[in-house]
Amino acid sequence: MNKTSKIIFTVELDEKNLPEKIQWEADDAGFDGTREAKTLFLSLWDKEDAVTMGLDLWTKEMLIEEMNIHYHQMFVKLAESYQRATQDSETSMLMKNFAADFAERLNLFKK
């Protein structure tokens, strides 16, 4: 029998439909209840239309410095995921180099 896991995102919006609070929970997350997040970036490959669908939200309290770190970490995760999926080390390294250049440009590791 296949396992099923449920992941739930709850987004509270203000009167202008801007995210004020993002919460998430998952059956096998390793904790009970919900956790709060400042951003939510979700990317899906739509099988029928063969196109990437995306959802990117951030709360008003997300600082630009935090967003810079978040983007850097996403770039690194994308490179690592790409490597696992394709075994293409050269392209993965290109992506990691971009992440490093991004971090250097924003002085992420000199603070």
# chains A, B, ... in the order shown; residues from 1 in each chain; ligands from 1
$ residues_around --residues "Ile7 of chain A" --least-positions-apart "2" --cutoff "7 Å" --atoms "only C-alpha atoms" --output "list in words"
Ser5, Phe9, Glu25, Ala26 and Asp27 of chain A
$ residues_around --residues "segment 89-100 of chain A" --least-positions-apart "3" --cutoff "9 Å" --atoms "only C-alpha atoms" --output "list in words"
Tyr71, His72, Gln73, Met74, Phe75, Val76, Lys77, Leu78, Ala79, Glu80, Ser81, Tyr82, Gln83, Thr86, Ala103, Glu104 and Arg105 of chain A
$ write_last_selection --atoms "all heavy atoms" --output "CSV table (one decimal), in the first residue's frame"
chain,number,residue,atom,x,y,z
A,71,TYR,N,16.5,33.6,-0.6
A,71,TYR,CA,16.8,33.4,-2.0
A,71,TYR,C,18.1,32.6,-2.2
A,71,TYR,O,18.1,31.7,-3.1
A,71,TYR,CB,16.8,34.7,-2.8
A,71,TYR,CG,15.4,35.0,-3.4
A,71,TYR,CD1,14.5,35.7,-2.7
A,71,TYR,CD2,15.1,34.7,-4.7
A,71,TYR,CE1,13.3,36.0,-3.2
A,71,TYR,CE2,13.9,35.0,-5.3
A,71,TYR,CZ,13.0,35.7,-4.5
A,71,TYR,OH,11.7,36.0,-5.0
A,72,HIS,N,19.1,33.0,-1.5
A,72,HIS,CA,20.4,32.3,-1.7
A,72,HIS,C,20.2,30.8,-1.3
A,72,HIS,O,20.7,29.9,-2.1
A,72,HIS,CB,21.4,32.9,-0.7
A,72,HIS,CG,22.7,32.1,-0.7
A,72,HIS,ND1,23.0,31.2,0.3
A,72,HIS,CD2,23.7,32.0,-1.6
A,72,HIS,CE1,24.2,30.7,0.1
A,72,HIS,NE2,24.6,31.1,-1.1
A,73,GLN,N,19.5,30.5,-0.2
A,73,GLN,CA,19.3,29.1,0.2
A,73,GLN,C,18.5,28.4,-0.9
A,73,GLN,O,18.7,27.2,-1.1
A,73,GLN,CB,18.7,29.1,1.5
A,73,GLN,CG,19.6,29.5,2.6
A,73,GLN,CD,19.0,29.5,4.0
A,73,GLN,OE1,17.8,29.3,4.2
A,73,GLN,NE2,19.8,29.9,5.0
A,74,MET,N,17.5,29.0,-1.5
A,74,MET,CA,16.7,28.4,-2.5
A,74,MET,C,17.6,28.1,-3.7
A,74,MET,O,17.4,27.0,-4.3
A,74,MET,CB,15.5,29.3,-2.9
A,74,MET,CG,14.4,29.3,-1.9
A,74,MET,SD,12.8,30.0,-2.5
A,74,MET,CE,13.3,31.6,-3.0
A,75,PHE,N,18.5,29.0,-4.1
A,75,PHE,CA,19.3,28.7,-5.3
A,75,PHE,C,20.2,27.5,-5.0
A,75,PHE,O,20.4,26.7,-5.9
A,75,PHE,CB,20.2,30.0,-5.6
A,75,PHE,CG,19.5,31.2,-6.1
A,75,PHE,CD1,19.9,32.4,-5.7
A,75,PHE,CD2,18.4,31.1,-6.8
A,75,PHE,CE1,19.3,33.6,-6.1
A,75,PHE,CE2,17.7,32.2,-7.3
A,75,PHE,CZ,18.2,33.5,-6.9
A,76,VAL,N,20.8,27.4,-3.8
A,76,VAL,CA,21.6,26.3,-3.4
A,76,VAL,C,20.8,25.0,-3.5
A,76,VAL,O,21.2,23.9,-4.0
A,76,VAL,CB,22.3,26.5,-2.1
A,76,VAL,CG1,23.0,25.2,-1.6
A,76,VAL,CG2,23.2,27.6,-2.1
A,77,LYS,N,19.6,25.0,-2.9
A,77,LYS,CA,18.7,23.8,-2.9
A,77,LYS,C,18.3,23.4,-4.3
A,77,LYS,O,18.2,22.2,-4.6
A,77,LYS,CB,17.4,24.1,-2.1
A,77,LYS,CG,17.6,24.1,-0.6
A,77,LYS,CD,16.3,24.2,0.1
A,77,LYS,CE,16.2,23.5,1.4
A,77,LYS,NZ,16.5,22.1,1.4
A,78,LEU,N,18.0,24.4,-5.2
A,78,LEU,CA,17.7,24.1,-6.6
A,78,LEU,C,18.9,23.4,-7.2
A,78,LEU,O,18.7,22.4,-8.0
A,78,LEU,CB,17.4,25.3,-7.4
A,78,LEU,CG,16.0,25.9,-7.2
A,78,LEU,CD1,15.9,27.3,-7.8
A,78,LEU,CD2,14.9,25.0,-7.7
A,79,ALA,N,20.1,23.8,-7.0
A,79,ALA,CA,21.3,23.2,-7.6
A,79,ALA,C,21.4,21.8,-7.1
A,79,ALA,O,21.7,20.9,-7.8
A,79,ALA,CB,22.5,24.0,-7.3
A,80,GLU,N,21.3,21.6,-5.8
A,80,GLU,CA,21.4,20.2,-5.2
A,80,GLU,C,20.3,19.3,-5.7
A,80,GLU,O,20.6,18.1,-6.0
A,80,GLU,CB,21.4,20.3,-3.7
A,80,GLU,CG,22.6,21.0,-3.1
A,80,GLU,CD,22.5,21.3,-1.6
A,80,GLU,OE1,21.4,21.2,-1.0
A,80,GLU,OE2,23.5,21.8,-1.0
A,81,SER,N,19.1,19.8,-5.8
A,81,SER,CA,18.0,19.0,-6.3
A,81,SER,C,18.2,18.6,-7.8
A,81,SER,O,18.0,17.5,-8.2
A,81,SER,CB,16.7,19.8,-6.1
A,81,SER,OG,15.6,19.1,-6.7
A,82,TYR,N,18.7,19.6,-8.5
A,82,TYR,CA,19.0,19.4,-10.0
A,82,TYR,C,20.0,18.3,-10.1
A,82,TYR,O,19.9,17.4,-11.0
A,82,TYR,CB,19.4,20.7,-10.6
A,82,TYR,CG,19.6,20.5,-12.1
A,82,TYR,CD1,18.6,20.6,-13.0
A,82,TYR,CD2,20.9,20.3,-12.6
A,82,TYR,CE1,18.8,20.4,-14.4
A,82,TYR,CE2,21.1,20.2,-14.0
A,82,TYR,CZ,20.0,20.2,-14.8
A,82,TYR,OH,20.2,20.1,-16.2
A,83,GLN,N,21.1,18.3,-9.3
A,83,GLN,CA,22.1,17.3,-9.3
A,83,GLN,C,21.5,15.9,-9.0
A,83,GLN,O,21.8,15.0,-9.7
A,83,GLN,CB,23.2,17.7,-8.3
A,83,GLN,CG,24.2,16.6,-8.0
A,83,GLN,CD,25.1,16.2,-9.2
A,83,GLN,OE1,25.4,17.1,-10.1
A,83,GLN,NE2,25.4,15.0,-9.4
A,86,THR,N,19.3,14.8,-12.1
A,86,THR,CA,19.8,14.7,-13.4
A,86,THR,C,21.2,14.0,-13.5
A,86,THR,O,21.7,13.6,-14.5
A,86,THR,CB,19.9,16.0,-14.1
A,86,THR,OG1,20.9,16.8,-13.4
A,86,THR,CG2,18.6,16.7,-14.2
A,103,ALA,N,25.4,35.6,-3.2
A,103,ALA,CA,25.7,35.8,-1.8
A,103,ALA,C,26.8,36.9,-1.7
A,103,ALA,O,26.8,37.7,-0.8
A,103,ALA,CB,26.1,34.5,-1.2
A,104,GLU,N,27.8,36.8,-2.5
A,104,GLU,CA,28.9,37.7,-2.5
A,104,GLU,C,28.5,39.1,-2.8
A,104,GLU,O,28.8,40.1,-2.1
A,104,GLU,CB,30.1,37.3,-3.4
A,104,GLU,CG,31.3,38.2,-3.3
A,104,GLU,CD,32.4,37.7,-4.2
A,104,GLU,OE1,32.5,36.5,-4.5
A,104,GLU,OE2,33.2,38.5,-4.7
A,105,ARG,N,27.7,39.3,-3.8
A,105,ARG,CA,27.2,40.6,-4.2
A,105,ARG,C,26.4,41.3,-3.1
A,105,ARG,O,26.5,42.5,-2.9
A,105,ARG,CB,26.3,40.4,-5.5
A,105,ARG,CG,25.7,41.7,-6.0
A,105,ARG,CD,24.9,41.5,-7.2
A,105,ARG,NE,24.2,42.7,-7.6
A,105,ARG,CZ,24.6,43.6,-8.4
A,105,ARG,NH1,25.8,43.6,-8.9
A,105,ARG,NH2,23.8,44.6,-8.7
$ closest_residue --among "A:Ala85, A:Arg35, A:Asp46, A:Leu13" --to "Trp58 of chain A" --atoms "only C-alpha atoms"
A:Leu13
$ select_by_dssp --residues "segment 4-100 of chain A" --states "alpha helix (DSSP H)" --output "JSON, numbers by chain"
{"A": [64, 65, 66, 67, 68, 69, 70, 71, 72, 73, 74, 75, 76, 77, 78, 79, 80, 81, 82, 83, 84, 85, 86, 89, 90, 91, 92, 93, 94, 95, 96, 97, 98, 99, 100]}
$ residues_around --residues "segment 36-41 of chain A" --least-positions-apart "4" --cutoff "10 Å" --atoms "only C-alpha atoms" --output "list in words"
Phe9, Thr10, Val11, Pro19, Glu20, Lys21, Ile22, Gln23, Trp24, Glu25, Gly54, Leu55, Asp56, Leu57, Trp58, Thr59, Lys60, Glu61, Met62, Leu63, Glu66, Met67, His70 and Met74 of chain A
$ select_by_dssp --residues "chain A" --states "strand (DSSP E)" --output "tab-separated table (two decimals) with N, CA and C atoms, in the first residue's frame"
chain	number	residue	atom	x	y	z
A	7	ILE	N	0.02	17.95	3.28
A	7	ILE	CA	0.68	19.20	3.64
A	7	ILE	C	-0.36	20.31	3.47
A	8	ILE	N	-0.52	21.12	4.52
A	8	ILE	CA	-1.54	22.17	4.49
A	8	ILE	C	-0.87	23.52	4.72
A	9	PHE	N	-1.20	24.48	3.87
A	9	PHE	CA	-0.76	25.86	4.03
A	9	PHE	C	-1.99	26.70	4.32
A	10	THR	N	-1.90	27.55	5.32
A	10	THR	CA	-2.98	28.47	5.64
A	10	THR	C	-2.42	29.89	5.58
A	11	VAL	N	-3.07	30.74	4.79
A	11	VAL	CA	-2.60	32.11	4.60
A	11	VAL	C	-3.70	33.07	5.04
A	12	GLU	N	-3.38	33.90	6.02
A	12	GLU	CA	-4.30	34.95	6.46
A	12	GLU	C	-3.98	36.22	5.67
A	13	LEU	N	-5.01	36.81	5.07
A	13	LEU	CA	-4.84	37.98	4.22
A	13	LEU	C	-5.42	39.22	4.88
A	19	PRO	N	-0.64	38.87	2.20
A	19	PRO	CA	-0.44	37.92	3.29
A	19	PRO	C	0.00	38.61	4.59
A	20	GLU	N	-0.69	38.29	5.66
A	20	GLU	CA	-0.30	38.77	6.98
A	20	GLU	C	0.32	37.66	7.80
A	21	LYS	N	-0.13	36.44	7.57
A	21	LYS	CA	0.38	35.30	8.33
A	21	LYS	C	0.32	34.06	7.44
A	22	ILE	N	1.39	33.29	7.47
A	22	ILE	CA	1.46	32.03	6.72
A	22	ILE	C	1.76	30.94	7.73
A	23	GLN	N	0.95	29.90	7.74
A	23	GLN	CA	1.18	28.76	8.61
A	23	GLN	C	1.18	27.49	7.76
A	24	TRP	N	1.90	26.49	8.24
A	24	TRP	CA	1.94	25.22	7.53
A	24	TRP	C	1.97	24.08	8.54
A	25	GLU	N	1.51	22.94	8.06
A	25	GLU	CA	1.56	21.71	8.84
A	25	GLU	C	1.62	20.54	7.87
A	26	ALA	N	2.16	19.44	8.37
A	26	ALA	CA	2.27	18.24	7.54
A	26	ALA	C	2.16	17.02	8.43
A	35	ARG	N	3.28	25.48	12.14
A	35	ARG	CA	4.45	26.36	12.26
A	35	ARG	C	4.20	27.59	11.41
A	36	GLU	N	4.74	28.70	11.86
A	36	GLU	CA	4.58	29.93	11.10
A	36	GLU	C	5.76	30.12	10.16
A	37	ALA	N	5.48	30.71	9.01
A	37	ALA	CA	6.50	31.02	8.02
A	37	ALA	C	6.32	32.47	7.57
A	39	THR	N	7.59	33.32	4.42
A	39	THR	CA	7.44	33.22	2.97
A	39	THR	C	6.93	31.83	2.60
A	40	LEU	N	6.37	31.77	1.41
A	40	LEU	CA	5.95	30.49	0.83
A	40	LEU	C	6.23	30.57	-0.66
A	41	PHE	N	7.14	29.74	-1.13
A	41	PHE	CA	7.43	29.63	-2.55
A	41	PHE	C	7.14	28.19	-2.95
A	42	LEU	N	6.18	28.01	-3.81
A	42	LEU	CA	5.78	26.67	-4.22
A	42	LEU	C	5.83	26.60	-5.75
A	43	SER	N	6.47	25.59	-6.25
A	43	SER	CA	6.60	25.41	-7.69
A	43	SER	C	6.12	24.01	-8.05
A	44	LEU	N	5.22	23.93	-9.01
A	44	LEU	CA	4.66	22.66	-9.46
A	44	LEU	C	4.80	22.53	-10.97
A	45	TRP	N	5.06	21.32	-11.41
A	45	TRP	CA	5.05	21.05	-12.86
A	45	TRP	C	3.68	20.47	-13.19
A	46	ASP	N	2.89	21.22	-13.94
A	46	ASP	CA	1.56	20.77	-14.32
A	46	ASP	C	1.70	19.73	-15.42
A	51	VAL	N	3.71	22.83	-17.91
A	51	VAL	CA	4.15	24.18	-17.58
A	51	VAL	C	4.36	24.27	-16.07
A	52	THR	N	5.27	25.13	-15.65
A	52	THR	CA	5.51	25.34	-14.23
A	52	THR	C	4.49	26.32	-13.68
A	53	MET	N	3.84	25.91	-12.62
A	53	MET	CA	2.91	26.77	-11.90
A	53	MET	C	3.60	27.20	-10.61
A	54	GLY	N	3.42	28.43	-10.22
A	54	GLY	CA	4.12	28.90	-9.03
A	54	GLY	C	3.24	29.75	-8.14
A	55	LEU	N	3.59	29.71	-6.87
A	55	LEU	CA	2.93	30.52	-5.86
A	55	LEU	C	4.04	31.09	-5.00
A	56	ASP	N	4.15	32.41	-4.95
A	56	ASP	CA	5.16	33.01	-4.09
A	56	ASP	C	4.52	34.12	-3.27
A	57	LEU	N	4.58	33.93	-1.96
A	57	LEU	CA	3.97	34.85	-1.02
A	57	LEU	C	4.97	35.18	0.08
A	58	TRP	N	4.88	36.38	0.60
A	58	TRP	CA	5.66	36.74	1.78
A	58	TRP	C	4.86	37.72	2.61
$ atom_distance --atom1 "atom CA of Asn2 of chain A" --atom2 "atom CA of Thr34 of chain A"
25.0 Å
$ atom_distance --atom1 "atom CA of Leu18 of chain A" --atom2 "atom CA of Gly33 of chain A"
23.9 Å
$ atom_distance --atom1 "atom CA of Asn68 of chain A" --atom2 "atom CA of Asp101 of chain A"
12.4 Å
$ closest_residue --among "A:Lys6, A:Met1, A:Asp14, A:Leu108" --to "Ile64 of chain A" --atoms "only C-alpha atoms"
A:Leu108
